[in-house]
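Here's final-v1.cif, which has mmCIF, C-alpha atoms and all ligand atoms:
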data_my_file
#
loop_
_atom_site.label_atom_id
_atom_site.label_comp_id
_atom_site.auth_asym_id
_atom_site.auth_seq_id
_atom_site.Cartn_x
_atom_site.Cartn_y
_atom_site.Cartn_z
CA MET A 296 105.33 166.62 114.42
CA SER A 297 107.37 167.69 111.44
CA LEU A 298 110.34 169.97 110.92
CA GLN A 299 108.08 172.45 109.10
CA GLU A 300 105.60 172.55 111.98
CA ILE A 301 108.37 173.32 114.45
CA LYS A 302 109.73 176.04 112.16
CA ASP A 303 106.23 177.54 111.89
CA ARG A 304 105.83 177.50 115.68
CA ILE A 305 109.23 179.19 116.10
CA ALA A 306 108.24 181.88 113.56
CA GLN A 307 104.97 182.46 115.43
CA ALA A 308 106.78 182.67 118.79
CA GLU A 309 109.25 185.19 117.36
CA LYS A 310 106.34 187.27 116.14
CA ASP A 311 104.43 187.02 119.43
CA ALA A 312 107.55 188.18 121.28
CA GLY A 313 108.06 191.10 118.89
CA ARG A 314 111.33 189.63 117.72
CA ALA A 315 112.80 189.67 114.23
CA ALA A 316 111.94 186.75 111.97
CA GLY A 317 114.87 184.34 111.84
CA SER A 318 116.43 185.55 115.10
CA VAL A 319 116.10 182.07 116.65
CA HIS A 320 118.32 179.20 115.47
CA LEU A 321 116.74 175.76 115.50
CA ILE A 322 119.18 173.07 116.64
CA ALA A 323 117.66 169.73 115.66
CA VAL A 324 118.80 167.34 118.40
CA SER A 325 119.56 164.06 116.67
CA LYS A 326 121.10 162.06 119.52
CA VAL A 327 120.14 158.39 119.52
CA GLN A 328 117.91 158.84 116.45
CA PRO A 329 118.17 156.32 113.61
CA ASN A 330 120.21 157.61 110.67
CA GLU A 331 117.27 157.48 108.29
CA ARG A 332 115.33 159.97 110.43
CA VAL A 333 118.34 162.30 110.49
CA GLN A 334 118.82 161.95 106.75
CA ALA A 335 115.16 162.79 106.13
CA VAL A 336 115.61 166.09 107.99
CA LEU A 337 118.84 166.81 106.07
CA GLU A 338 116.98 166.16 102.82
CA GLN A 339 114.42 168.81 103.83
CA GLY A 340 117.31 171.26 103.80
CA HIS A 341 117.94 171.60 107.52
CA ARG A 342 121.63 171.90 108.45
CA CYS A 343 121.85 172.75 112.15
CA PHE A 344 122.03 169.74 114.47
CA GLY A 345 122.85 168.96 118.09
CA GLU A 346 124.42 165.92 119.71
CA ASN A 347 125.13 165.26 123.37
CA LYS A 348 127.98 162.77 123.07
CA VAL A 349 131.26 163.26 121.22
CA GLN A 350 131.68 159.56 120.47
CA GLU A 351 128.21 159.11 119.03
CA ALA A 352 128.55 162.25 116.91
CA ALA A 353 131.96 161.14 115.61
CA GLY A 354 130.35 157.90 114.46
CA LYS A 355 127.70 159.48 112.29
CA TRP A 356 128.44 163.07 111.26
CA PRO A 357 131.64 162.80 109.18
CA ALA A 358 129.71 160.68 106.63
CA PHE A 359 126.74 163.10 106.57
CA LYS A 360 129.14 166.04 106.18
CA GLU A 361 130.47 164.50 102.97
CA ILE A 362 127.02 164.26 101.44
CA PHE A 363 125.40 167.42 102.81
CA PRO A 364 127.53 170.57 102.69
CA GLY A 365 127.13 173.35 105.23
CA ILE A 366 126.30 171.29 108.30
CA ASP A 367 126.44 173.27 111.55
CA LEU A 368 126.99 170.84 114.41
CA HIS A 369 126.49 171.74 118.08
CA LEU A 370 127.69 169.80 121.14
CA ILE A 371 125.00 170.17 123.80
CA GLY A 372 126.15 167.51 126.29
CA PRO A 373 128.96 167.40 128.85
CA LEU A 374 132.52 167.43 127.51
CA GLN A 375 135.32 165.47 129.20
CA SER A 376 138.62 167.31 129.01
CA ASN A 377 140.35 164.41 127.26
CA LYS A 378 137.89 164.68 124.37
CA THR A 379 138.33 168.42 123.91
CA ARG A 380 140.42 168.26 120.74
CA GLN A 381 138.14 165.73 119.08
CA ALA A 382 135.12 167.85 119.98
CA MET A 383 136.72 171.02 118.64
CA ASP A 384 137.50 169.29 115.34
CA LEU A 385 133.99 167.95 114.92
CA PHE A 386 131.70 170.65 116.30
CA ASP A 387 130.99 174.21 115.20
CA ALA A 388 129.72 175.14 118.65
CA ILE A 389 130.09 173.81 122.19
CA HIS A 390 127.27 174.61 124.64
CA SER A 391 128.71 172.91 127.72
CA VAL A 392 131.70 174.99 128.81
CA ASP A 393 131.39 174.77 132.57
CA ARG A 394 134.74 174.64 134.36
CA PRO A 395 138.18 176.29 134.32
CA LYS A 396 140.03 173.11 133.36
CA LEU A 397 137.91 172.71 130.24
CA ALA A 398 138.14 176.41 129.35
CA LYS A 399 141.95 176.24 129.61
CA ALA A 400 142.10 173.11 127.44
CA ILE A 401 139.94 174.80 124.79
CA ALA A 402 142.08 177.95 124.90
CA ARG A 403 145.30 175.96 124.46
CA ILE A 404 143.98 173.94 121.51
CA ALA A 405 142.43 177.04 119.91
CA GLN A 406 145.90 178.67 120.05
CA GLU A 407 147.51 175.65 118.41
CA GLU A 408 144.90 175.21 115.71
CA GLY A 409 144.14 178.86 115.05
CA ASN A 410 140.41 178.44 115.39
CA CYS A 411 137.76 177.70 117.93
CA PRO A 412 134.10 176.69 117.85
CA ASP A 413 131.55 179.17 119.18
CA LEU A 414 131.22 178.65 122.92
CA PHE A 415 128.33 178.79 125.37
CA VAL A 416 128.84 178.69 129.12
CA GLN A 417 126.47 176.21 130.72
CA VAL A 418 124.77 177.47 133.87
CA ASN A 419 123.27 175.03 136.36
CA SER A 420 120.32 177.33 136.92
CA GLY A 421 118.51 174.93 139.23
CA GLU A 422 121.66 174.22 141.28
CA GLU A 423 121.07 170.50 140.81
CA GLU A 424 123.63 168.11 142.25
CA GLN A 425 123.72 165.78 139.25
CA LYS A 426 123.72 168.46 136.57
CA ALA A 427 126.66 170.06 134.81
CA GLY A 428 127.13 173.81 134.63
CA VAL A 429 128.52 176.62 136.75
CA LEU A 430 126.37 177.76 139.62
CA PRO A 431 124.57 181.07 139.02
CA ALA A 432 126.64 182.70 141.77
CA ASP A 433 129.89 181.67 140.04
CA ALA A 434 128.81 182.54 136.51
CA ASP A 435 130.09 186.13 136.28
CA ALA A 436 133.59 185.20 137.44
CA PHE A 437 133.78 182.18 135.16
CA ILE A 438 132.56 184.14 132.12
CA ALA A 439 135.17 186.82 132.85
CA ASP A 440 137.85 184.10 133.06
CA CYS A 441 136.82 182.70 129.68
CA LEU A 442 136.81 186.14 128.06
CA SER A 443 140.23 186.92 129.54
CA MET A 444 141.52 183.83 127.70
CA ASP A 445 140.08 185.30 124.48
CA LEU A 446 137.60 182.46 124.15
CA PRO A 447 134.74 183.18 121.72
CA VAL A 448 131.94 183.02 124.29
CA LYS A 449 128.70 183.72 122.40
CA GLY A 450 126.28 183.18 125.23
CA LEU A 451 124.88 180.97 127.96
CA MET A 452 123.06 177.65 128.04
CA CYS A 453 120.80 176.01 130.62
CA ILE A 454 118.70 172.90 131.11
CA PRO A 455 115.98 173.67 133.68
CA PRO A 456 115.01 171.06 136.29
CA VAL A 457 112.28 168.78 134.92
CA ASP A 458 109.83 169.52 137.68
CA GLU A 459 110.03 173.32 137.72
CA GLU A 460 108.51 176.08 135.63
CA PRO A 461 111.22 176.60 132.99
CA SER A 462 110.43 180.29 132.47
CA LEU A 463 112.02 181.19 135.81
CA HIS A 464 115.25 179.56 134.64
CA PHE A 465 115.08 181.16 131.22
CA ALA A 466 114.63 184.57 132.83
CA LEU A 467 117.57 183.97 135.18
CA LEU A 468 119.80 182.92 132.27
CA ALA A 469 118.80 186.00 130.27
CA LYS A 470 119.61 188.23 133.23
CA ILE A 471 123.07 186.70 133.76
CA ALA A 472 123.81 187.01 130.03
CA ALA A 473 122.71 190.64 129.89
CA ARG A 474 124.84 191.77 132.81
CA ASN A 475 127.85 190.06 131.19
CA GLY A 476 127.25 191.60 127.77
CA LEU A 477 126.44 188.26 126.12
CA THR A 478 123.72 188.02 123.48
CA GLY A 479 123.41 184.27 122.87
CA LEU A 480 120.89 182.24 124.85
CA SER A 481 120.75 178.48 124.29
CA MET A 482 117.53 177.46 126.01
CA GLY A 483 114.27 175.73 125.27
CA MET A 484 113.57 172.13 124.23
CA SER A 485 110.58 170.28 122.70
CA SER A 486 108.24 171.01 125.59
CA ASP A 487 109.10 174.64 126.26
CA PHE A 488 110.84 176.30 123.30
CA GLU A 489 108.07 178.86 122.81
CA ARG A 490 108.43 180.04 126.41
CA ALA A 491 112.20 180.24 125.88
CA ILE A 492 111.75 182.37 122.76
CA ALA A 493 109.46 184.70 124.69
CA LEU A 494 112.34 185.21 127.13
CA GLY A 495 115.01 185.78 124.50
CA ALA A 496 116.32 182.38 123.36
CA THR A 497 118.59 182.65 120.31
CA HIS A 498 119.17 178.88 120.05
CA VAL A 499 116.47 176.33 120.82
CA ARG A 500 117.43 172.65 121.09
CA VAL A 501 114.54 170.53 119.84
CA GLY A 502 114.80 166.75 119.55
CA SER A 503 111.77 164.54 120.03
CA ALA A 504 109.27 167.05 118.62
CA ILE A 505 111.09 166.85 115.27
CA PHE A 506 112.34 163.27 115.14
CA GLY A 507 109.83 161.46 117.31
CA ALA A 508 110.49 159.77 120.63
CA ARG A 509 114.02 158.57 121.19
CA VAL A 510 114.48 154.81 121.28
CA ALA A 511 115.65 153.93 124.80
CA GLY A 512 119.34 153.24 125.08
C1 LIG A 601 118.19 165.75 124.44
C2 LIG A 601 118.45 167.18 124.68
C3 LIG A 601 117.60 168.16 124.13
C4 LIG A 601 116.36 167.85 123.30
O1 LIG A 601 115.35 167.33 124.10
P1 LIG A 601 113.86 167.13 123.52
O2 LIG A 601 113.02 167.13 124.74
O3 LIG A 601 113.87 165.83 122.80
O4 LIG A 601 113.57 168.25 122.63
C5 LIG A 601 117.91 169.48 124.37
N1 LIG A 601 118.99 169.83 125.09
C6 LIG A 601 119.83 168.92 125.63
C7 LIG A 601 121.00 169.38 126.41
C8 LIG A 601 119.58 167.57 125.45
O5 LIG A 601 120.42 166.67 126.00
#
What does the file become when written as structure tokens?
Amino acid sequence: MSLQEIKDRIAQAEKDAGRAAGSVHLIAVSKVQPNERVQAVLEQGHRCFGENKVQEAAGKWPAFKEIFPGIDLHLIGPLQSNKTRQAMDLFDAIHSVDRPKLAKAIARIAQEEGNCPDLFVQVNSGEEEQKAGVLPADADAFIADCLSMDLPVKGLMCIPPVDEEPSLHFALLAKIAARNGLTGLSMGMSSDFERAIALGATHVRVGSAIFGARVAG
């Protein structure tokens, strides 16, 4: 599939859901993709990208940023506290805020540096052992904590369990966001972004449908 096809499908899904054109941001997930595939998407004018590892992103994006102005880079994978500063320097948004220790580290560095990326609180909507994110039952308290530290929380993020109907998780995320007064919803990937848009996604994270299958590794 191509970037344009995905953009067309997003536009159609916005329309079908009765939502304004352009209300959904497409984060092109470029993790593990060869640089020439990423460059091809940059050359088509796309500027919003997602990576799941700080180290990998630090190895490729500074060079792209010099050539292509206006890049909007999103961290969508887990963040270790000791990489917080590096992540805040490199990324425009962090979608994986999921624990008090990390929130405090971000707040401290934001104070020092006088700015902070947009933040999304990750919710472990399927309550999976191996997955990052706050549990749904702990979400309200954690969001309140983050807001009390003046963190720029824009919304929530989730990654539904692979073997479940994602719409249930998207609906749960939307409900938690609404009752906490948050408008951003980072949800939906290659296989389910249209369903996410129907349930209010503002940021879809699409990788393989744009770039092709990821090379194992
Ligand atoms: C890899 C990844 C994606 C993109 O997955 P695709 O199925 O390739 O679209 C989205 N979100 C997160 C958190 C990811 O790690």
Report, as lines of an AutoDock Vina configuration file, the axis-aligned box around all atoms of stretch 421-433 of chain A present in the file, extended by 6 Å on each side; give centre and edge lengths in Å to one decimal place.
center_x = 124.2
center_y = 174.2
center_z = 138.4
size_x = 23.4
size_y = 28.9
size_z = 19.6
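In this comparison, which uses all atoms listed in the file, the residue of A:Ala432, A:Ala493, A:Val499, A:Met383 approaching A:Leu321 most closely is A:Val499.
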Counting all atoms listed in the file, what is within 8 Å of A:Val501, bar same-chain residues fewer than 4 positions away, as a list in words? Leu321, Ile322, Ala323, Val324, Gly483, Met484, Ser485, Phe488 and Ile505 of chain A
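Residues in contact with ligand LIG 601 (chain A) (atom pairs separated by at most 7 Å; all atoms listed in the file) are A:Val324, A:Lys326, A:Asn347, A:Ile371, A:Gly372, A:Ile454, A:Met484, A:Ser485, A:Ser486, A:Arg500, A:Val501, A:Gly502, A:Ser503, A:Ala504.
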Out of A:Ala306, A:Ala491, A:Val327, A:Ala439, which residue has the shortest atom-to-atom distance to A:Ala508 when counting only C-alpha atoms? A:Val327
In Å, rounded to a single decimal, give me how far atom CA of A:Pro461 is from atom CA of A:Val448.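 According to the coordinates, atom CA of A:Val448 and atom CA of A:Pro461 are separated by 23.4 Å.
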Atomic separation - atom CA of A:Pro373 relative to atom CA of A:Gly317, Å: 27.8 Å
Residue nearest A:Gly345 among A:Ala388, A:Leu374, A:Ala312, A:Leu467 (counting only C-alpha atoms):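 Answer, going by the shortest atom-to-atom distance: A:Ala388.
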Using all atoms listed in the file, pick whichever of A:Pro456, A:Val333, A:Leu442, A:Gln350 has the shortest atom-to-atom distance to A:Glu424.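 Between A:Pro456, A:Val333, A:Leu442, A:Gln350, the residue approaching A:Glu424 most closely is A:Pro456.
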Dump as a PyMOL selection string all residues having an atom at most 12 Å from (119.6, 171.8, 111.7), computed in the file's coordinates with only C-alpha atoms. chain A and resi 298-299+301-302+319-325+333-346+363+365-369+498-502+505-506
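Taking only C-alpha atoms into account, A:Ala352 lies nearest to A:Asp384 out of the set A:Glu309, A:Glu423, A:Asp458, A:Asp384.
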Quick check, in Å to one decimal: how far apart do atom CA of A:Ala382 and atom CA of A:Val457 lie? 27.3 Å
